[in-house]
Amino acid sequence: MSVQQGSGQQGTVASRPREQWSGQLGFILSAIGSAVGLGNIWRFPGVAYENGGGAFLIPYLIALVTAGIPILFLDYAIGHRFRGSSPTAFRRLGGKAGKWLESLGWFQVWICIVIAVYYAAVVAWAASYFTFSFDLRWGDDTAGFFVTEFLQTSEPGFSSQFVPAVLIPLVLVWVAVLAVLGSGIAKGVQRANLIFLPLLVVAFLILVVRALFLDGAMTGLDALFTPDFSALGDPNVWIAAYSQIFFSLSIAFGIMITYSSYRNRRANVTAPALVVAFANSSFEIIAGIGVFATLGYFAFQQGVGVDELEGITGVGLSFITFPAIVSQMPGGPLFGALFFGSLVMAGFTSLLSVLQVVSSAFQDKFGITARQASIRVGSALAIVSVLLFSTTTGLITLDTVDQWANNIGIVGAAIAATILVIWVLRKGPELAAHLNAVSTFKVGPIWQLLVGVLAPIVLLYMLIQRIIVLTTEGYEGYPLWYLAVAGWGTVAVILIGAISMTALRWKHDPDDFTPWPSAEALKELKK
Amino acid sequence: MSGIAITFFVVAAVLVWGGLIASIIFLARKPQLDVYPDGADDVSDND
C-alpha cells in the first residue's frame with residue numbers, strides 16, 4: 001500500500017498519513033459494495049414495475065446519465081481534490097471565506113449516523129431470516145410471523161420493551177461492522193468488500209438462474225418488461241426514476257466523498273466512477289429479473305395475475321412475500337438462504353460505507369485513529385440503534401426515520417451541495433479541471449450544467465413535492481405527534497448535530513492544506 | 001414473454017450491461033494518464 005508521508009499539505013488533518021485503498025480495484029469494489037445495497041434488491045424491481053415496466057427504463061437510463069453519474073463525479077471530485085471526510089473536504093473547498101461549508105459536511109455525516117442506526121437493524125432482520133430459511137420458521141402466515149411474532153410490533157410510540165430475537169442479532173451486526181471499521185480502509189473496509197461483493201454476485205446469480213426455471217417465471221418477467229408508454233407522460237414516473245438512481249448510487253450524503261478521499265492523488269477518478277455507476281444499475285437489472293421471475297412463480301401458484309400481488313417492494317417484499325414464496329417452492333430453504341444471505345451481504349457492505357463517513361469525519365476532526373473512532377463513536381451509535389430498533393416499536397420508528405432521512409435529509413443535502421458548490425462558490429470549473437487533470441474520461445461544460453442546473457431543479461421538485469405530501473397527508477396513518485417527533489425530529493437532530501459539530505474545535509488545523517494540482521496548474525492545463 | 005417485453009429486456013441488457021462492459025474495457029485500456037501536473041509525490045494505482 002502506498003501512503004503519503006508528512007504534513008497537512010499532503011492531505012491529512014492529523015499527524016498520521018491518510019489511509020489509502022491498496023489500488024484501483026479495491027476502491028472500485030468497495031464503491032460498488034456501497035452502492036449495491038438493499039434498495040437494489042427490494043426497491044428497484046417494484047418501482048420499475050409500478051412506473052411503466054419496460055418503459056420505466058427510458059427515464060431510468062436518462063436519470064442515470066443526466067443526474068446519477070454527474071453527481072457521482074461531483075462527489076468524487078470533492079473528495080479527491082480536498083482529500084478528507086465530508087466536513088474536511090467541504091471546509092477546504094469553501095476556502096478562507098467559506099469555512100462554514102464544513103457544516104454541510106457534518107449535515108451529511110449526521111444523515112449517515114441516522115441511517116446507520118436503523119440500517120443495522122434491517123441487516124440484523126435479514127441475518128435472522130437467513131437462519132429461519134433452513135426450517136421455514138415463518139410458517140404459513142408470513143405477515144403475522146414478521147410483524148407480530150418476530151418483531152412483536154406495538155402501536156406507534158417509543159417502547160422500552162426489548163425483543164430478544166432482534167436485539168441479539170443486532171448486537172452481533174454492530175460487533176462485526178465495528179470490527180471491520182476499526183481495522184481501517186485497506187485491511188477492514190476494502191478486505192470485507194473483496195470478500196462479500198463477489199460472494200453476493202455469485203449467490204444472487206444462482207438465485208436468479210433458479211428463479212428463471214420456476215413455473216410462471218416468464219409471466220413475471222413479462223410483467224416487469226412490458227412497457228406502458230403512457231407512463232412516460234406522467235411527471236411522477238420521471239421523479240421515481242430520478243429518485244431510484246439518486247438513492248441507489250450512494251450519492252450526496254458523504255459516502256463517495258469519503259471513499260474518493262482515500263485514493264492517491266494521481267488516481268483516475270471518472271473512469272472508475274463509470275464502472276461503479278453501470279455496475280450498480282447492472283445489479284438492479286439482475287435483481288429485477290430475479291425478483292419478478294420469483295413473483296411470477298408466486299402468482300402462478302396462487303392462480304392470480306402478477307398485478308394482483310401485494311407487497312412487491314421494500315420490507316414487505318423481503319420479509320413477507322418472499323418467505324411465503326420460499327415456503328411453496330421446491331428447494332425453498334436453499335432459495336431462502338440465498339436471498340437473505342444476499343440481503344445480509346448487500347446490506348453489510350453498504351452499512352460499512354455509511355459508518356466510514358462517520359468514522360472518517362471524527363478521525364479528521366478529533367485526531368483519533370480508525371480503531372478509536374470505531375470503539376468510541378461506533379459503540380455510541382450501537383447503543384442508540386439497540387435502544388430504538390430492538391424494541392416493539394422498532395419497525396414503525398425505522399419506517400418513519402427512513403422516510404424523513406432519505407426524502408428530506410439526503411435530497412436537501414444534495415440541493416445544498418449542488419447550489420453552494422456550483423453557484424455560490426463557483427467551484428464547477430475548478431472541479432471539472434481537477435477531474436480532467438487526473439482522469440482518462442474528460443468532463444466539460446455539460447457536466448457543470450447537469451450538476452448545477454438539472455440536478456437541483458429535479459431534486460427541488462422532489463423535495464417540495466414530498467414536503468407537501470408529508471405535511472398534508474401524513475405518513476402511513478401514523479399519529480401526527482409521532483411524525484413530528486420521529487420524522488421532523490430526525491431532521492432537527494441532523495441539523496442540530498451539524499451545527500454543534502461545526503462549532504467544536506479541530507485537533508489539527510484542517511486548513512493547512514494545498515490542493516493538487518494547484519489552481520495555477522489547472523489554469524495552465526486548460527490553455 | 002411477449003415480443004415487446006423481450007425487446008425491452010434486450011435493450012436494457014445491452015445498454016446497462018453493455019455500459020458496464022464498455023466502461024471496464026475503457027478503464028482497462030487506459031487506466032491512467034501518461035502525464036500529470038508536477039507536484040504529487042505519491043504513486044498511481046497499480047492494478
# chains A, B, ... in the order shown; residues from 1 in each chain; ligands from 1
$ residues_around --residues "Pro45 (chain A)" --least-positions-apart "6" --cutoff "7 Å" --atoms "only C-alpha atoms" --output "list in words"
Ala287, Gly288 and Val291 of chain A
$ write_last_selection --atoms "C-alpha atoms" --output "mmCIF file, in the first residue's frame"
data_model
loop_
_atom_site.group_PDB
_atom_site.id
_atom_site.type_symbol
_atom_site.label_atom_id
_atom_site.label_comp_id
_atom_site.auth_asym_id
_atom_site.auth_seq_id
_atom_site.Cartn_x
_atom_site.Cartn_y
_atom_site.Cartn_z
ATOM 1 C CA ALA A 287 -32.361 -8.081 -9.194
ATOM 2 C CA GLY A 288 -35.399 -7.147 -11.270
ATOM 3 C CA VAL A 291 -37.468 -10.838 -8.075
#
$ closest_atom_pairs --of "chain A" --to "chain B" --cutoff "8 Å" --atoms "only C-alpha atoms" --output "tab-separated table"
residue	atom	partner	partner_atom	distance
A:Ser2	CA	B:Val43	CA	7.0
A:Val3	CA	B:Asp42	CA	7.2
A:Gln4	CA	B:Asp42	CA	6.3
A:Ser22	CA	B:Asp45	CA	7.8
A:Gly23	CA	B:Asp45	CA	5.0
A:Gln24	CA	B:Asp45	CA	5.7
A:Leu25	CA	B:Asp47	CA	6.3
A:Gly54	CA	B:Phe8	CA	5.7
A:Ala55	CA	B:Phe8	CA	7.9
A:Leu57	CA	B:Ala12	CA	6.9
A:Met218	CA	B:Met1	CA	5.6
A:Thr219	CA	B:Met1	CA	6.4
A:Leu221	CA	B:Met1	CA	6.9
A:Asp222	CA	B:Met1	CA	4.8
A:Leu224	CA	B:Ala5	CA	7.9
A:Phe225	CA	B:Ala5	CA	4.7
A:Thr226	CA	B:Ala5	CA	4.3
A:Pro227	CA	B:Ala5	CA	7.0
A:Asn264	CA	B:Ser44	CA	6.5
A:Arg265	CA	B:Ala40	CA	6.4
A:Arg266	CA	B:Ser44	CA	5.1
A:Ala267	CA	B:Ser44	CA	5.7
A:Asn268	CA	B:Gln32	CA	5.7
A:Ala271	CA	B:Leu27	CA	5.8
A:Pro272	CA	B:Leu27	CA	6.9
A:Leu274	CA	B:Ser23	CA	6.0
A:Val275	CA	B:Ser23	CA	5.4
A:Phe278	CA	B:Leu20	CA	4.8
A:Ala279	CA	B:Leu20	CA	5.8
A:Ser281	CA	B:Val16	CA	6.5
A:Ser282	CA	B:Trp17	CA	5.6
A:Ile285	CA	B:Ala13	CA	7.7
A:Ala437	CA	B:Tyr36	CA	6.9
A:Val438	CA	B:Leu33	CA	6.8
A:Ser439	CA	B:Leu33	CA	6.7
A:Thr440	CA	B:Leu33	CA	6.2
A:Trp516	CA	B:Ala40	CA	6.8
A:Pro517	CA	B:Pro37	CA	6.4
A:Ala521	CA	B:Pro37	CA	6.8
$ atom_distance --atom1 "CA of Ala273 (chain A)" --atom2 "CA of Ser30 (chain A)"
11.8 Å
$ atom_distance --atom1 "CA of Gly157 (chain A)" --atom2 "CA of Thr313 (chain A)"
24.7 Å
$ closest_residue --among "A:Ile464, A:Ala503, A:Leu352, A:Leu454" --to "Lys99 (chain A)" --atoms "only C-alpha atoms"
A:Ala503
$ atom_distance --atom1 "CA of Thr270 (chain A)" --atom2 "CA of Ala361 (chain A)"
23.9 Å
$ closest_residue --among "A:Ala346, A:Pro59, A:Ala432, A:Arg210" --to "Gly39 (chain A)" --atoms "only C-alpha atoms"
A:Ala346
$ select_by_dssp --residues "chain B" --states "alpha helix (DSSP H)" --output "ChimeraX atom specification"
/B:3-12,18-29
$ write_last_selection --atoms "C-alpha atoms" --output "CSV table (one decimal), in the first residue's frame"
chain,number,residue,atom,x,y,z
B,3,GLY,CA,-42.2,-9.7,-28.2
B,4,ILE,CA,-42.2,-6.2,-26.8
B,5,ALA,CA,-41.2,-7.3,-23.3
B,6,ILE,CA,-38.3,-9.3,-24.8
B,7,THR,CA,-37.3,-6.2,-26.9
B,8,PHE,CA,-37.2,-4.0,-23.8
B,9,PHE,CA,-35.3,-6.6,-21.8
B,10,VAL,CA,-32.7,-6.9,-24.6
B,11,VAL,CA,-32.4,-3.1,-24.9
B,12,ALA,CA,-32.0,-2.7,-21.1
B,18,GLY,CA,-23.1,-3.1,-22.3
B,19,GLY,CA,-22.3,0.1,-20.5
B,20,LEU,CA,-20.6,-1.8,-17.7
B,21,ILE,CA,-18.5,-3.8,-20.1
B,22,ALA,CA,-17.6,-0.8,-22.2
B,23,SER,CA,-16.6,1.2,-19.0
B,24,ILE,CA,-14.5,-1.7,-17.8
B,25,ILE,CA,-12.8,-2.0,-21.2
B,26,PHE,CA,-12.3,1.8,-21.3
B,27,LEU,CA,-10.6,1.7,-17.9
B,28,ALA,CA,-8.5,-1.3,-18.6
B,29,ARG,CA,-7.2,0.1,-21.9
